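K.L.:
A single structure is presented below for examination.
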Amino acid sequence: MATQSSRSAARIMMAPAVFLLLVWMLVPLSLTLILSFKRFLPLRGDRIGERGDGFGDFLLDYITGFPTLDWVGFQNFASFASSGAFADAVVTTLVIVGGVLAVSVIFGILLAMLLDQPMWGQGVVRILVIAPFFVMPTVSALVWKNMFMDPTNGLFSHLWRAFGADPVVWLSDVPMFSLILIISWQWLPFATLILLTAFQSLDSEQLEAAEMDGAGPFARFFFIALPHLSRAITIVILIQTIFLLAVFAEIFVTTGGAFGTRTLTYLIYQRVLESQNIGLGSAGGVYAIILANIVAIFLMRIVGKNLDR
Amino acid sequence: MGRITLQKVQKKFGDVEVIPPLDLEINDGEFVVFVGPSGCGKSTLLRLIAGLEDVSGGQINIDGEDATMVPPAKRKLAMVFQSYALYPHMTVRKNIAFPMRMAKMDPAEQNKRIENAAAALNLTDYLDRRPGQLSGGQRQRVAIGRAIVREPAAFLFDEPLSNLDAALRVGMRMEIGELHKKLDTTMIYVTHDQVEAMTMADKIVVLRAGHIEQVGSPLELYRTPRNTFVAGFIGSPKMNLIEGAAAAEHNAQTIGIRPEHLDVSTTAGKWEGTVGVAEHLGSDTFIHIHGIEGCDPMTVRAGGEVSVKHGDTVFLTPQAEHLHRFDAEGLRIA
């Protein structure tokens, strides 16, 4: 890409991809933004696309900012935020994200250390450990709900009864714990996989040098292995945070947002589809974007500097 | 104190015997070099002494005490690794301090030792840098610094110079030699480079396939190699080993003559051959000569001013007093 002409040729060839990505990102974002300032209650007769049903009609409506809907200013934002459910939803979201991150990083490191040991049947064991990641969230939540956590027929209830204890009604007695358990089970393989590769790239001579320097197993872990893993841990935390902020299926399938498990994503879903208030839901969506950015900036500050080295 | 004795030390990996039972004595303050071709077990032997590998049999004594089952940290030995094995996330200061920190040494004493080591190794300006910001030679010195501050009974070096460029290697060779003179501590040094072995060692241990071929001072090994392997391994360029009629003349299976012990003439001599490649080094000329029966090519080390060309006919005469004779098993005939 040295010459002027090859550089401009490169720009032209990249243009379609850049354009597609921009459209892909900007259209939903701008739709959400426009609708969050509009009153849009389909059940009360609010309509878009009065000109007709064609794509061109929609496009014209979209470009002109949906003139058939009433502009309500910041009213949607005010009512979304003033509802008591909002603060609870933010806290719930952060607790789930934090809980799953803690579980998957800590147990991910332990599992990765275990899998790094030479053992018989290593390949099969590794595939089995990674398997939960391949299960769809809906399916895994259903399996947990019906096979493990069911208070009458679940495996756990049988286990509890075998010891003469009263079965725990998991999803209503300890709903947050149960949800974090289910979601962690799905994300642990991802963390384990990344941390395992990091462990494998640790120079064994460094560990031997530390051993000769008088470091015991714990000192070797905290002074040599853990700093080596810091970059991998950072990546796990950043990627998982992005996905965990949007967790939905697990809540939908298990508690349906009851018992204090309503996350911001779930609240938005309820506002849009259950209350059929699209403007209010869009305002919630904008809040979710802001929250995600706050969390991202926060994380970048704390752990992002690990990536610079 | 650093007196290390190996008694019948043996190492097997599964069924493969890497080091057959072997005895060796290393005296206090000695600079011992293990040298041999790659795969000869010299690094394994060093790791056995360090305690990073368990022996399969035999006993290792350090200062008269049985250390065979003692963990590496308690053997009072410090090791410098081939890859330096510096801790990349720690500054130079913290790297050097690490063994003392693990020993929970008084911080004031730690600082004093770090300053001393840094001054001795020219690292004072780099104490707050990380290993990634240092050159190869500087990293090497940090690794040595980390070893020095522990004040160990003996230093173990595992091919420490093989990652450095040729000029730096010569410099570090001298620095390690100086260090040995100053500290007067036992050092065990593993290398495959016989030049390093010759220049640094008090005592060279030549290994082949886990066997000790010969132990002795550099000049002993140079003057009286015990067999053809040592004869060919020690000395640069390699000794010419001649078989056949020329050897039979001296009642031997093989005779050896070093390139520097051959006289070259363009008119008359014992053996006649044609010049192949002549390497002019300025001070010396290494001439490879073809066509001599029993040894092809034969290498000669002549003076820098000798001018022979490719294809010239030359005559060689060995200096009789420097001729080595070996029997059918390759052992030296006295």
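As shown in the structure tokens, the chain order sets the letters A, B, ...; within each chain, residues go from 1, and ligands are also counted from 1 in the order they appear.
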Counting only C-alpha atoms, what is within 10 Å of A:Phe66, bar same-chain residues fewer than 3 positions away, as a PDB file with C-alpha atoms, in the first residue's frame?
P.N.:
```pdb
ATOM      1  CA  LEU A  31     -34.597   4.378  14.798  1.00  0.00           C
ATOM      2  CA  ILE A  34     -36.162   8.918  16.941  1.00  0.00           C
ATOM      3  CA  LEU A  35     -38.796   6.659  18.480  1.00  0.00           C
ATOM      4  CA  LYS A  38     -42.196   9.937  20.028  1.00  0.00           C
ATOM      5  CA  ARG A  47     -49.491   4.140  13.218  1.00  0.00           C
ATOM      6  CA  ILE A  48     -46.456   4.487  11.022  1.00  0.00           C
ATOM      7  CA  GLY A  49     -46.513   3.811   7.311  1.00  0.00           C
ATOM      8  CA  GLU A  50     -49.910   5.351   6.575  1.00  0.00           C
ATOM      9  CA  PHE A  58     -41.339   3.070   5.228  1.00  0.00           C
ATOM     10  CA  LEU A  59     -38.076   4.607   4.057  1.00  0.00           C
ATOM     11  CA  LEU A  60     -39.759   7.923   3.351  1.00  0.00           C
ATOM     12  CA  ASP A  61     -41.471   7.818   6.753  1.00  0.00           C
ATOM     13  CA  TYR A  62     -38.172   7.003   8.430  1.00  0.00           C
ATOM     14  CA  ILE A  63     -36.291   9.803   6.661  1.00  0.00           C
ATOM     15  CA  LEU A  69     -46.346  10.083  15.502  1.00  0.00           C
ATOM     16  CA  ASP A  70     -46.555  12.877  18.084  1.00  0.00           C
ATOM     17  CA  TRP A  71     -43.294  14.407  19.248  1.00  0.00           C
TER      18      TRP A  71
END
```
K.L.:
Do me a favour and pick out the residues of chain A within 7 Å of chain B, using only C-alpha atoms, as a VMD selection string.
P.N.:
chain A and resid 205 to 206 209 211 to 215 227
K.L.:
How would the residues just chosen look if you wrote them out with C-alpha atoms as a compact mmCIF listing (two decimals), in the first residue's frame?
P.N.:
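Saved result, again-v8.txt, follows:
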```txt
# COMPACT_ATOMS: atom_id res chain seq x y z
CA GLU A 205 11.54 -21.76 32.46
CA GLN A 206 9.99 -18.80 34.28
CA ALA A 209 13.36 -19.94 37.79
CA GLU A 211 10.99 -22.36 41.94
CA MET A 212 14.76 -22.01 42.24
CA ASP A 213 14.27 -18.52 43.66
CA GLY A 214 12.37 -20.10 46.53
CA ALA A 215 8.79 -19.40 45.48
CA PRO A 227 0.33 -11.58 36.00
```
K.L.:
So that I can check the secondary structure, give me every residue of stretch 54-212 of chain B assigned helix (DSSP H, G or I) by backbone DSSP, as a PyMOL selection string.
P.N.:
chain B and resi 72-75+92-102+107-120+124-126+131-133+136-148+166-183+194-200
K.L.:
Any idea what's packed within 7 Å of A:Ala112, counting only C-alpha atoms, ignoring anything in its chain fewer than 5 positions away? Could you give it as a PDB file with N, CA and C atoms, in the first residue's frame?
P.N.:
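The file below, result.pdb, is the result:
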```pdb
ATOM      1  N   THR A 192     -12.716 -20.509  30.411  1.00  0.00           N
ATOM      2  CA  THR A 192     -11.735 -21.586  30.576  1.00  0.00           C
ATOM      3  C   THR A 192     -10.870 -21.736  29.341  1.00  0.00           C
ATOM      4  N   LEU A 195      -8.410 -18.812  29.014  1.00  0.00           N
ATOM      5  CA  LEU A 195      -7.399 -18.856  30.072  1.00  0.00           C
ATOM      6  C   LEU A 195      -6.474 -20.062  29.906  1.00  0.00           C
ATOM      7  N   LEU A 196      -7.040 -21.157  29.367  1.00  0.00           N
ATOM      8  CA  LEU A 196      -6.202 -22.342  29.143  1.00  0.00           C
ATOM      9  C   LEU A 196      -5.107 -22.053  28.114  1.00  0.00           C
TER      10      LEU A 196
END
```
K.L.:
Write out as an NGL selection string which residues come within 10 Å of stretch 252-255 of chain B when counting only C-alpha atoms, dropping same-chain ones fewer than 4 positions away.
P.N.:
:B and (228 or 239-248 or 294 or 323-333)
K.L.:
Mind pulling up the distance from atom CA of A:Gln122 to atom CA of A:Val100?
P.N.:
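Going from atom CA of A:Val100 over to atom CA of A:Gln122 covers 26.4 Å.
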K.L.:
List as a short mmCIF file (atom, residue, chain, number, x, y, z; two decimals) with N, CA and C atoms, in the first residue's frame the protein and nucleic acid residues near stretch 299-303 of chain A, meaning an atom at most 12 Å away when only C-alpha atoms are counted, but skip any in the same chain fewer than 5 places from it.
P.N.:
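So the final result, stored in selection.cif, reads:
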```cif
data_model
loop_
_atom_site.label_atom_id
_atom_site.label_comp_id
_atom_site.auth_asym_id
_atom_site.auth_seq_id
_atom_site.Cartn_x
_atom_site.Cartn_y
_atom_site.Cartn_z
N GLY A 98 -21.74 -8.78 37.25
CA GLY A 98 -20.62 -8.93 38.19
C GLY A 98 -20.51 -10.35 38.71
N SER A 230 -3.04 -11.86 33.09
CA SER A 230 -3.83 -10.64 33.22
C SER A 230 -4.45 -10.21 31.90
N ARG A 231 -3.71 -10.35 30.82
CA ARG A 231 -4.24 -9.93 29.54
C ARG A 231 -5.42 -10.80 29.11
N ALA A 232 -5.29 -12.10 29.30
CA ALA A 232 -6.38 -13.01 28.95
C ALA A 232 -7.60 -12.73 29.81
N ILE A 233 -7.38 -12.45 31.10
CA ILE A 233 -8.49 -12.15 31.99
C ILE A 233 -9.20 -10.88 31.51
N THR A 234 -8.42 -9.89 31.10
CA THR A 234 -9.00 -8.66 30.59
C THR A 234 -9.91 -8.93 29.40
N ILE A 235 -9.42 -9.76 28.49
CA ILE A 235 -10.22 -10.07 27.30
C ILE A 235 -11.50 -10.79 27.69
N VAL A 236 -11.40 -11.75 28.60
CA VAL A 236 -12.59 -12.48 29.05
C VAL A 236 -13.59 -11.50 29.64
N ILE A 237 -13.12 -10.60 30.50
CA ILE A 237 -14.03 -9.67 31.16
C ILE A 237 -14.71 -8.75 30.14
N LEU A 238 -13.94 -8.20 29.21
CA LEU A 238 -14.52 -7.27 28.25
C LEU A 238 -15.55 -7.95 27.36
N ILE A 239 -15.19 -9.10 26.80
CA ILE A 239 -16.11 -9.78 25.89
C ILE A 239 -17.36 -10.24 26.62
N GLN A 240 -17.17 -10.83 27.79
CA GLN A 240 -18.33 -11.34 28.52
C GLN A 240 -19.26 -10.21 28.94
N THR A 241 -18.70 -9.08 29.34
CA THR A 241 -19.54 -7.95 29.77
C THR A 241 -20.48 -7.54 28.65
N ILE A 242 -19.95 -7.46 27.43
CA ILE A 242 -20.77 -7.06 26.29
C ILE A 242 -21.99 -7.97 26.16
N ALA A 292 -24.27 0.71 29.16
CA ALA A 292 -23.21 -0.14 28.59
C ALA A 292 -21.93 0.66 28.40
N ASN A 293 -22.08 1.92 27.97
CA ASN A 293 -20.89 2.75 27.76
C ASN A 293 -20.21 3.12 29.07
N ILE A 294 -21.04 3.38 30.10
CA ILE A 294 -20.44 3.69 31.41
C ILE A 294 -19.64 2.48 31.89
N ASP A 308 -2.42 -2.60 26.83
CA ASP A 308 -1.42 -1.76 26.17
C ASP A 308 -0.05 -2.41 26.16
N ARG A 309 0.22 -3.22 27.17
CA ARG A 309 1.57 -3.78 27.26
C ARG A 309 1.83 -4.80 26.19
#
```
